[in-house]
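Notes for the one structure printed next.
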Amino acid sequence: MTLLEIYEKNGISPAVYAFGEKALAELQPRFAKIDEMAELNQGKVILAMRENRVDAACFAATTGYGYDDVGRERLEQVYAHIFGTEAALVRPQITCGTHALTVALSANLLPGDELLSPVGAPYDTLQEVIGIRPSPCSLAEYGVTYRQADLRPDGSFDYDAIRAAINAKTKLITIQRSKGYATRPSFSVAQIGELIAFCKGIKPDVLVMVDNCYGEFVEALEPSQVGADLCVGSLIKNPGGGLAPIGGYIVGTKACVERCAYRLSAPGLGQEVGANLGILPSFYQGLFLAPTVVAGAEKGAIFAAALYERLGFRVIPGSAEERHDIIQAVELGSEAGMRAFCKGIQAAAPVDSYVEPIPWAMPGYDSQVIMAAGAFVQGSSIELSADGPIRPPYAVYFQGGLTWYHAKLGILRSLQEMVNAGLVPAEALE
Ligand SMILES: *Cc1c(COP(=O)(O)O)cnc(C)c1O
């Protein structure tokens, strides 16, 4: 069977396939750069595992309290090495990215303290954590106030507004690296470093936390290496490499991470407890694969940008722009467009390919959300997935793909569904 035949059997017409190949021909230099970055980060991960003498004993299951869990401790040292930090907390007991961020915030903010976001509104689920949208057990309920400095219209930092927002109460500054469900640019590690230096220049003892979701291994440095006291993310995104079935990480200074451990378990217990229940092989092996998985996801993101850009849709970032995370936003302009795009991503999945995604009121989000994900790990967004809130500008946020070839198939199928629904005229592919 030929390649074209396989694509046809997977629902891709020759016209859509040919359109994809045309776009792809121009992307090769870009892909070569991504491969170089993957090589560097692969080396970084192996170095951390070698220096920490990872061995088969690290993969053993522990139960109960999980005292003296060698595998857990060694994994945390490996993370600290990779992120260039004093300490790390990497646990299956952290249920998701929002939980990891909640632990980091509530551990390091006390009643009377103020939290500042200098990069506009934080990710949807964090708005309830902070209490921007009232919620039981929010930081606001515990007497932590919140301030925000919005980005300038071009997506750059508004340094005057940030200076004005920092005050005697400002204890912690949270910087979200990735765009989340907003059509602003994602920030480079260098930009984040500049922002941290600016904030610490005004208030040297302020703590800075970076929400690093979707950013891991995209660049040679992580935000913890440019001054962040805390750097936080989800293991069902980049650093889990698609194998971790749950979990989150918090890396940073010893003082900050210790407080997170006390918040996660209990004061007095901290990092000493937390049985691994046999999950560690997937954490280690997933981390080992993460740099190449991230590279595949990035190629998919760039390919999607290139295809939809050619068809006149607004894409963020553009296909030629530098990337700082694996997220690709495509503004489809209508709910029908979002549905067709997501239908295609779902149809190309190895799991649940026969279902059609429909919008629903997901907990933690303020408008209906549509999600396409045919994932081995439920909701994993390092696996090929697309989602977005049903609200103008009707943008889907596309990410992941455990292999580049799967990402490619999913994107072609999304375009096929757009064509089938009459949202992209067949002539546009010529
Ligand atoms: C995914 C994400 C989160 C929340 O992670 P969950 O695992 O979905 O709870 C927070 N911030 C950003 C920027 C994200 O992309």
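Naming scheme: A, B, ... for chains in displayed order of the structure tokens; residues 1 onward per chain; ligands 1 onward as shown.
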**Request:** Could you give me the residues within stretch 317-417 of chain A that DSSP places in strand (DSSP E), as a VMD selection string?
**Result:** chain A and resid 328 to 331 369 to 373 385 to 389 395 to 399
**Near-A:Lys171 list (10 Å; only C-alpha atoms; drop same-chain fewer than 2 positions) as a list of chain:residue names** = A:Asn108, A:Leu109, A:Leu110, A:Gly112, A:Asp113, A:Glu114, A:Leu115, A:Leu116, A:Val144, A:Ile166, A:Asn167, A:Ala168, A:Lys169, A:Ile173, A:Lys203, A:Asp205, A:Val206, A:Leu207, A:Val208
Print the selection's residues with N, CA, C and O atoms to a file, as a PDB file, in the first residue's frame.
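Ended up saving to part_13.pdb:
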ATOM      1  N   ASN A 108       2.798  29.676  49.402  1.00  0.00           N
ATOM      2  CA  ASN A 108       3.716  30.813  49.494  1.00  0.00           C
ATOM      3  C   ASN A 108       3.029  32.159  49.655  1.00  0.00           C
ATOM      4  O   ASN A 108       3.677  33.204  49.616  1.00  0.00           O
ATOM      5  N   LEU A 109       1.704  32.133  49.834  1.00  0.00           N
ATOM      6  CA  LEU A 109       0.957  33.367  50.095  1.00  0.00           C
ATOM      7  C   LEU A 109       0.204  33.194  51.411  1.00  0.00           C
ATOM      8  O   LEU A 109      -0.423  32.159  51.645  1.00  0.00           O
ATOM      9  N   LEU A 110       0.278  34.213  52.262  1.00  0.00           N
ATOM     10  CA  LEU A 110      -0.402  34.161  53.560  1.00  0.00           C
ATOM     11  C   LEU A 110      -1.450  35.273  53.613  1.00  0.00           C
ATOM     12  O   LEU A 110      -1.398  36.209  52.796  1.00  0.00           O
ATOM     13  N   GLY A 112      -3.289  38.541  53.952  1.00  0.00           N
ATOM     14  CA  GLY A 112      -2.729  39.897  53.932  1.00  0.00           C
ATOM     15  C   GLY A 112      -1.754  40.109  52.783  1.00  0.00           C
ATOM     16  O   GLY A 112      -1.435  41.246  52.435  1.00  0.00           O
ATOM     17  N   ASP A 113      -1.268  39.010  52.203  1.00  0.00           N
ATOM     18  CA  ASP A 113      -0.359  39.133  51.061  1.00  0.00           C
ATOM     19  C   ASP A 113      -1.150  39.441  49.787  1.00  0.00           C
ATOM     20  O   ASP A 113      -2.338  39.145  49.692  1.00  0.00           O
ATOM     21  N   GLU A 114      -0.437  40.005  48.826  1.00  0.00           N
ATOM     22  CA  GLU A 114      -1.063  40.261  47.528  1.00  0.00           C
ATOM     23  C   GLU A 114      -0.316  39.496  46.435  1.00  0.00           C
ATOM     24  O   GLU A 114       0.906  39.397  46.437  1.00  0.00           O
ATOM     25  N   LEU A 115      -1.116  38.969  45.508  1.00  0.00           N
ATOM     26  CA  LEU A 115      -0.610  38.264  44.332  1.00  0.00           C
ATOM     27  C   LEU A 115      -0.744  39.205  43.140  1.00  0.00           C
ATOM     28  O   LEU A 115      -1.760  39.883  42.996  1.00  0.00           O
ATOM     29  N   LEU A 116       0.272  39.249  42.298  1.00  0.00           N
ATOM     30  CA  LEU A 116       0.212  40.107  41.111  1.00  0.00           C
ATOM     31  C   LEU A 116       0.459  39.285  39.849  1.00  0.00           C
ATOM     32  O   LEU A 116       1.417  38.509  39.784  1.00  0.00           O
ATOM     33  N   VAL A 144      -6.075  36.640  50.707  1.00  0.00           N
ATOM     34  CA  VAL A 144      -5.002  37.001  49.773  1.00  0.00           C
ATOM     35  C   VAL A 144      -5.627  37.852  48.675  1.00  0.00           C
ATOM     36  O   VAL A 144      -6.571  37.423  48.014  1.00  0.00           O
ATOM     37  N   ILE A 166       3.005  47.103  41.813  1.00  0.00           N
ATOM     38  CA  ILE A 166       3.810  46.493  42.889  1.00  0.00           C
ATOM     39  C   ILE A 166       3.760  47.405  44.113  1.00  0.00           C
ATOM     40  O   ILE A 166       4.012  48.608  44.014  1.00  0.00           O
ATOM     41  N   ASN A 167       3.381  46.840  45.251  1.00  0.00           N
ATOM     42  CA  ASN A 167       3.255  47.654  46.470  1.00  0.00           C
ATOM     43  C   ASN A 167       3.779  46.873  47.672  1.00  0.00           C
ATOM     44  O   ASN A 167       4.317  45.773  47.531  1.00  0.00           O
ATOM     45  N   ALA A 168       3.586  47.441  48.850  1.00  0.00           N
ATOM     46  CA  ALA A 168       4.137  46.840  50.077  1.00  0.00           C
ATOM     47  C   ALA A 168       3.595  45.441  50.322  1.00  0.00           C
ATOM     48  O   ALA A 168       4.264  44.588  50.919  1.00  0.00           O
ATOM     49  N   LYS A 169       2.373  45.171  49.855  1.00  0.00           N
ATOM     50  CA  LYS A 169       1.752  43.861  50.102  1.00  0.00           C
ATOM     51  C   LYS A 169       2.145  42.799  49.073  1.00  0.00           C
ATOM     52  O   LYS A 169       1.908  41.615  49.279  1.00  0.00           O
ATOM     53  N   ILE A 173       4.629  37.135  42.457  1.00  0.00           N
ATOM     54  CA  ILE A 173       4.264  37.542  41.100  1.00  0.00           C
ATOM     55  C   ILE A 173       4.154  36.285  40.258  1.00  0.00           C
ATOM     56  O   ILE A 173       5.055  35.451  40.261  1.00  0.00           O
ATOM     57  N   LYS A 203      11.260  45.404  43.718  1.00  0.00           N
ATOM     58  CA  LYS A 203      11.038  44.780  45.027  1.00  0.00           C
ATOM     59  C   LYS A 203      11.884  43.505  45.124  1.00  0.00           C
ATOM     60  O   LYS A 203      11.435  42.426  44.726  1.00  0.00           O
ATOM     61  N   ASP A 205      12.718  41.337  47.295  1.00  0.00           N
ATOM     62  CA  ASP A 205      12.322  40.114  48.010  1.00  0.00           C
ATOM     63  C   ASP A 205      11.019  39.500  47.491  1.00  0.00           C
ATOM     64  O   ASP A 205      10.504  38.542  48.068  1.00  0.00           O
ATOM     65  N   VAL A 206      10.501  40.033  46.392  1.00  0.00           N
ATOM     66  CA  VAL A 206       9.260  39.464  45.874  1.00  0.00           C
ATOM     67  C   VAL A 206       9.555  38.090  45.267  1.00  0.00           C
ATOM     68  O   VAL A 206      10.625  37.863  44.698  1.00  0.00           O
ATOM     69  N   LEU A 207       8.621  37.166  45.454  1.00  0.00           N
ATOM     70  CA  LEU A 207       8.783  35.836  44.867  1.00  0.00           C
ATOM     71  C   LEU A 207       8.169  35.830  43.480  1.00  0.00           C
ATOM     72  O   LEU A 207       7.146  36.476  43.244  1.00  0.00           O
ATOM     73  N   VAL A 208       8.784  35.084  42.569  1.00  0.00           N
ATOM     74  CA  VAL A 208       8.214  34.974  41.229  1.00  0.00           C
ATOM     75  C   VAL A 208       7.964  33.501  40.904  1.00  0.00           C
ATOM     76  O   VAL A 208       8.854  32.660  41.041  1.00  0.00           O
TER      77      VAL A 208
END
Report as a tab-separated table: every residue of stretch 61-140 of chain A with an atom at most 7 Å from stretch 249-254 of chain A, its closest pair of atoms, and their distance in Å to one decimal, counting only C-alpha atoms, with rows sorted by chain and ascending residue number.
residue	atom	partner	partner_atom	distance
A:Ala80	CA	A:Val251	CA	6.3
A:Thr85	CA	A:Gly252	CA	5.1
A:Glu86	CA	A:Thr253	CA	5.2
A:Ala87	CA	A:Lys254	CA	5.1
A:Ala88	CA	A:Val251	CA	4.2
A:Leu89	CA	A:Ile250	CA	5.1
A:Val90	CA	A:Tyr249	CA	4.3
A:Arg91	CA	A:Tyr249	CA	6.6
A:Ala100	CA	A:Tyr249	CA	6.6
**Item:** Protein and nucleic acid residues within 6 Å of ligand 1 (only C-alpha atoms and all ligand atoms) as a PyMOL selection string
**Value:** chain A and resi 96-98+123+176+178+180+211+213-214+234
What does the file look like for those residues with all heavy atoms, as a PDB file, in the first residue's frame?
ATOM      1  N   CYS A  96      -3.099  17.549  38.768  1.00  0.00           N
ATOM      2  CA  CYS A  96      -3.070  18.204  37.449  1.00  0.00           C
ATOM      3  C   CYS A  96      -2.300  19.522  37.570  1.00  0.00           C
ATOM      4  O   CYS A  96      -1.829  19.873  38.654  1.00  0.00           O
ATOM      5  CB  CYS A  96      -4.498  18.463  36.947  1.00  0.00           C
ATOM      6  SG  CYS A  96      -5.448  19.560  38.019  1.00  0.00           S
ATOM      7  N   GLY A  97      -2.214  20.221  36.467  1.00  0.00           N
ATOM      8  CA  GLY A  97      -1.473  21.483  36.476  1.00  0.00           C
ATOM      9  C   GLY A  97      -2.088  22.519  37.404  1.00  0.00           C
ATOM     10  O   GLY A  97      -1.379  23.202  38.156  1.00  0.00           O
ATOM     11  N   THR A  98      -3.409  22.622  37.366  1.00  0.00           N
ATOM     12  CA  THR A  98      -4.085  23.585  38.238  1.00  0.00           C
ATOM     13  C   THR A  98      -3.786  23.276  39.705  1.00  0.00           C
ATOM     14  O   THR A  98      -3.551  24.191  40.505  1.00  0.00           O
ATOM     15  CB  THR A  98      -5.612  23.527  38.008  1.00  0.00           C
ATOM     16  OG1 THR A  98      -5.864  23.777  36.624  1.00  0.00           O
ATOM     17  CG2 THR A  98      -6.349  24.543  38.855  1.00  0.00           C
ATOM     18  N   TYR A 123      -4.717  31.886  33.324  1.00  0.00           N
ATOM     19  CA  TYR A 123      -5.457  30.757  32.752  1.00  0.00           C
ATOM     20  C   TYR A 123      -6.809  30.570  33.450  1.00  0.00           C
ATOM     21  O   TYR A 123      -6.923  30.740  34.659  1.00  0.00           O
ATOM     22  CB  TYR A 123      -4.590  29.512  32.931  1.00  0.00           C
ATOM     23  CG  TYR A 123      -5.064  28.286  32.209  1.00  0.00           C
ATOM     24  CD1 TYR A 123      -4.897  28.163  30.841  1.00  0.00           C
ATOM     25  CD2 TYR A 123      -5.669  27.243  32.902  1.00  0.00           C
ATOM     26  CE1 TYR A 123      -5.321  27.030  30.174  1.00  0.00           C
ATOM     27  CE2 TYR A 123      -6.095  26.105  32.245  1.00  0.00           C
ATOM     28  CZ  TYR A 123      -5.923  26.003  30.885  1.00  0.00           C
ATOM     29  OH  TYR A 123      -6.345  24.884  30.232  1.00  0.00           O
ATOM     30  N   GLN A 176       2.550  33.685  33.517  1.00  0.00           N
ATOM     31  CA  GLN A 176       2.146  32.530  32.700  1.00  0.00           C
ATOM     32  C   GLN A 176       2.899  32.589  31.375  1.00  0.00           C
ATOM     33  O   GLN A 176       2.775  33.545  30.619  1.00  0.00           O
ATOM     34  CB  GLN A 176       0.639  32.592  32.487  1.00  0.00           C
ATOM     35  CG  GLN A 176       0.089  31.416  31.719  1.00  0.00           C
ATOM     36  CD  GLN A 176      -1.414  31.561  31.545  1.00  0.00           C
ATOM     37  OE1 GLN A 176      -2.154  31.744  32.509  1.00  0.00           O
ATOM     38  NE2 GLN A 176      -1.865  31.508  30.311  1.00  0.00           N
ATOM     39  N   SER A 178       2.756  30.456  28.707  1.00  0.00           N
ATOM     40  CA  SER A 178       1.985  30.113  27.523  1.00  0.00           C
ATOM     41  C   SER A 178       0.735  30.995  27.442  1.00  0.00           C
ATOM     42  O   SER A 178       0.290  31.541  28.436  1.00  0.00           O
ATOM     43  CB  SER A 178       1.603  28.646  27.630  1.00  0.00           C
ATOM     44  OG  SER A 178       0.762  28.295  26.580  1.00  0.00           O
ATOM     45  N   GLY A 180      -2.358  30.227  27.042  1.00  0.00           N
ATOM     46  CA  GLY A 180      -3.629  29.741  27.588  1.00  0.00           C
ATOM     47  C   GLY A 180      -4.723  29.948  26.557  1.00  0.00           C
ATOM     48  O   GLY A 180      -4.471  29.871  25.355  1.00  0.00           O
ATOM     49  N   ASP A 211       4.155  29.866  35.601  1.00  0.00           N
ATOM     50  CA  ASP A 211       3.312  28.771  35.118  1.00  0.00           C
ATOM     51  C   ASP A 211       3.944  28.326  33.796  1.00  0.00           C
ATOM     52  O   ASP A 211       3.831  29.012  32.777  1.00  0.00           O
ATOM     53  CB  ASP A 211       1.877  29.282  34.914  1.00  0.00           C
ATOM     54  CG  ASP A 211       0.968  28.234  34.283  1.00  0.00           C
ATOM     55  OD1 ASP A 211       1.474  27.194  33.817  1.00  0.00           O
ATOM     56  OD2 ASP A 211      -0.252  28.482  34.230  1.00  0.00           O
ATOM     57  N   CYS A 213       3.417  25.593  32.021  1.00  0.00           N
ATOM     58  CA  CYS A 213       2.642  24.607  31.255  1.00  0.00           C
ATOM     59  C   CYS A 213       2.866  24.774  29.753  1.00  0.00           C
ATOM     60  O   CYS A 213       2.748  25.885  29.231  1.00  0.00           O
ATOM     61  CB  CYS A 213       1.153  24.771  31.549  1.00  0.00           C
ATOM     62  SG  CYS A 213       0.647  24.016  33.111  1.00  0.00           S
ATOM     63  N   TYR A 214       3.164  23.706  29.083  1.00  0.00           N
ATOM     64  CA  TYR A 214       3.377  23.626  27.636  1.00  0.00           C
ATOM     65  C   TYR A 214       4.710  24.201  27.169  1.00  0.00           C
ATOM     66  O   TYR A 214       4.991  24.194  25.976  1.00  0.00           O
ATOM     67  CB  TYR A 214       2.262  24.317  26.848  1.00  0.00           C
ATOM     68  CG  TYR A 214       0.921  23.647  26.915  1.00  0.00           C
ATOM     69  CD1 TYR A 214      -0.209  24.358  27.305  1.00  0.00           C
ATOM     70  CD2 TYR A 214       0.775  22.312  26.574  1.00  0.00           C
ATOM     71  CE1 TYR A 214      -1.456  23.755  27.363  1.00  0.00           C
ATOM     72  CE2 TYR A 214      -0.462  21.700  26.634  1.00  0.00           C
ATOM     73  CZ  TYR A 214      -1.577  22.423  27.022  1.00  0.00           C
ATOM     74  OH  TYR A 214      -2.804  21.826  27.072  1.00  0.00           O
ATOM     75  N   SER A 234       2.479  20.551  34.518  1.00  0.00           N
ATOM     76  CA  SER A 234       1.701  19.312  34.563  1.00  0.00           C
ATOM     77  C   SER A 234       2.457  18.175  33.894  1.00  0.00           C
ATOM     78  O   SER A 234       3.111  18.375  32.864  1.00  0.00           O
ATOM     79  CB  SER A 234       0.379  19.538  33.823  1.00  0.00           C
ATOM     80  OG  SER A 234      -0.239  18.308  33.516  1.00  0.00           O
TER      81      SER A 234
END
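Here atom CA of A:Ala261 and atom CA of A:Ala104 stand 9.0 Å from one another.
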**Request:** Would you list the contacts of stretch 395-398 of chain A as a list in words, taking every protein, DNA or RNA residue within 8 Å and counting only C-alpha atoms, but skipping same-chain residues closer than 5 positions in sequence?
**Result:** Tyr181, Ala301, Ile327, Gln328, Ala329, Val330, Glu331, Leu332, Gly333, Met338, Phe341, Leu384, Ser385, Ala386, Asp387, Gly388 and Pro389 of chain A
Can you spit out the residues from that selection as a tab-separated table (two decimals), in the first residue's frame, using all heavy atoms?
chain	number	residue	atom	x	y	z
A	181	TYR	N	-5.94	30.22	27.03
A	181	TYR	CA	-7.04	30.45	26.10
A	181	TYR	C	-7.15	31.94	25.76
A	181	TYR	O	-8.21	32.54	25.87
A	181	TYR	CB	-8.36	29.98	26.71
A	181	TYR	CG	-8.54	28.48	26.72
A	181	TYR	CD1	-9.29	27.87	27.72
A	181	TYR	CD2	-8.00	27.68	25.72
A	181	TYR	CE1	-9.48	26.50	27.73
A	181	TYR	CE2	-8.18	26.31	25.73
A	181	TYR	CZ	-8.92	25.72	26.73
A	181	TYR	OH	-9.11	24.37	26.75
A	301	ALA	N	2.48	21.86	15.37
A	301	ALA	CA	1.96	23.21	15.57
A	301	ALA	C	2.34	24.10	14.39
A	301	ALA	O	1.51	24.88	13.87
A	301	ALA	CB	2.51	23.79	16.88
A	327	ILE	N	1.71	25.36	21.89
A	327	ILE	CA	0.32	25.71	21.57
A	327	ILE	C	0.23	26.46	20.26
A	327	ILE	O	1.00	27.38	20.00
A	327	ILE	CB	-0.27	26.65	22.64
A	327	ILE	CG1	-0.07	26.09	24.03
A	327	ILE	CG2	-1.74	26.94	22.37
A	327	ILE	CD1	-0.96	24.97	24.36
A	328	GLN	N	-0.75	26.09	19.47
A	328	GLN	CA	-1.03	26.82	18.24
A	328	GLN	C	-2.49	27.26	18.27
A	328	GLN	O	-3.38	26.42	18.37
A	328	GLN	CB	-0.78	25.92	17.03
A	328	GLN	CG	-1.01	26.62	15.71
A	328	GLN	CD	-0.07	27.80	15.53
A	328	GLN	OE1	1.14	27.67	15.71
A	328	GLN	NE2	-0.60	28.96	15.20
A	329	ALA	N	-2.70	28.55	18.19
A	329	ALA	CA	-4.08	29.04	18.11
A	329	ALA	C	-4.43	29.27	16.65
A	329	ALA	O	-3.62	29.79	15.87
A	329	ALA	CB	-4.23	30.34	18.90
A	330	VAL	N	-5.62	28.84	16.27
A	330	VAL	CA	-6.14	29.09	14.92
A	330	VAL	C	-7.52	29.72	15.09
A	330	VAL	O	-8.41	29.11	15.69
A	330	VAL	CB	-6.26	27.78	14.10
A	330	VAL	CG1	-6.74	28.09	12.68
A	330	VAL	CG2	-4.95	27.02	14.06
A	331	GLU	N	-7.67	30.93	14.60
A	331	GLU	CA	-8.97	31.60	14.71
A	331	GLU	C	-9.84	31.16	13.55
A	331	GLU	O	-9.58	31.51	12.40
A	331	GLU	CB	-8.79	33.12	14.70
A	331	GLU	CG	-8.16	33.62	15.98
A	331	GLU	CD	-8.11	35.15	16.07
A	331	GLU	OE1	-8.73	35.83	15.21
A	331	GLU	OE2	-7.43	35.65	16.98
A	332	LEU	N	-10.89	30.41	13.87
A	332	LEU	CA	-11.74	29.84	12.82
A	332	LEU	C	-12.96	30.70	12.55
A	332	LEU	O	-13.68	30.48	11.57
A	332	LEU	CB	-12.12	28.41	13.19
A	332	LEU	CG	-10.88	27.49	13.24
A	332	LEU	CD1	-11.17	26.22	14.00
A	332	LEU	CD2	-10.39	27.16	11.84
A	333	GLY	N	-13.22	31.66	13.42
A	333	GLY	CA	-14.24	32.66	13.14
A	333	GLY	C	-15.68	32.24	13.40
A	333	GLY	O	-16.58	33.07	13.32
A	338	MET	N	-14.98	25.69	14.59
A	338	MET	CA	-14.37	25.00	15.74
A	338	MET	C	-14.81	23.53	15.78
A	338	MET	O	-14.03	22.64	16.06
A	338	MET	CB	-14.76	25.69	17.05
A	338	MET	CG	-14.18	27.09	17.19
A	338	MET	SD	-14.66	27.89	18.75
A	338	MET	CE	-13.62	27.01	19.91
A	341	PHE	N	-13.07	21.54	12.90
A	341	PHE	CA	-11.64	21.34	13.20
A	341	PHE	C	-11.49	20.23	14.24
A	341	PHE	O	-10.72	19.28	14.07
A	341	PHE	CB	-11.04	22.65	13.72
A	341	PHE	CG	-9.55	22.63	13.91
A	341	PHE	CD1	-8.71	23.21	12.98
A	341	PHE	CD2	-8.98	22.02	15.03
A	341	PHE	CE1	-7.32	23.20	13.16
A	341	PHE	CE2	-7.61	21.99	15.21
A	341	PHE	CZ	-6.78	22.58	14.27
A	384	LEU	N	-2.21	14.43	20.90
A	384	LEU	CA	-2.84	15.32	19.93
A	384	LEU	C	-4.22	15.74	20.43
A	384	LEU	O	-5.07	14.90	20.69
A	384	LEU	CB	-2.96	14.61	18.59
A	384	LEU	CG	-3.41	15.52	17.44
A	384	LEU	CD1	-2.33	16.53	17.11
A	384	LEU	CD2	-3.74	14.68	16.21
A	385	SER	N	-4.42	17.02	20.55
A	385	SER	CA	-5.68	17.52	21.10
A	385	SER	C	-5.93	18.92	20.60
A	385	SER	O	-5.02	19.65	20.21
A	385	SER	CB	-5.61	17.48	22.63
A	385	SER	OG	-4.41	18.07	23.09
A	386	ALA	N	-7.20	19.29	20.61
A	386	ALA	CA	-7.58	20.64	20.22
A	386	ALA	C	-8.74	21.03	21.10
A	386	ALA	O	-9.61	20.21	21.40
A	386	ALA	CB	-7.99	20.70	18.76
A	387	ASP	N	-8.73	22.24	21.56
A	387	ASP	CA	-9.83	22.67	22.41
A	387	ASP	C	-9.93	24.18	22.36
A	387	ASP	O	-9.05	24.86	21.85
A	387	ASP	CB	-9.62	22.20	23.85
A	387	ASP	CG	-8.19	22.37	24.32
A	387	ASP	OD1	-7.77	23.52	24.50
A	387	ASP	OD2	-7.49	21.36	24.46
A	388	GLY	N	-11.02	24.67	22.90
A	388	GLY	CA	-11.18	26.12	22.94
A	388	GLY	C	-12.55	26.48	23.46
A	388	GLY	O	-13.49	25.70	23.33
A	389	PRO	N	-12.65	27.65	24.09
A	389	PRO	CA	-13.94	28.12	24.57
A	389	PRO	C	-14.77	28.67	23.41
A	389	PRO	O	-14.23	29.32	22.52
A	389	PRO	CB	-13.57	29.23	25.56
A	389	PRO	CG	-12.21	29.70	25.15
A	389	PRO	CD	-11.55	28.59	24.39
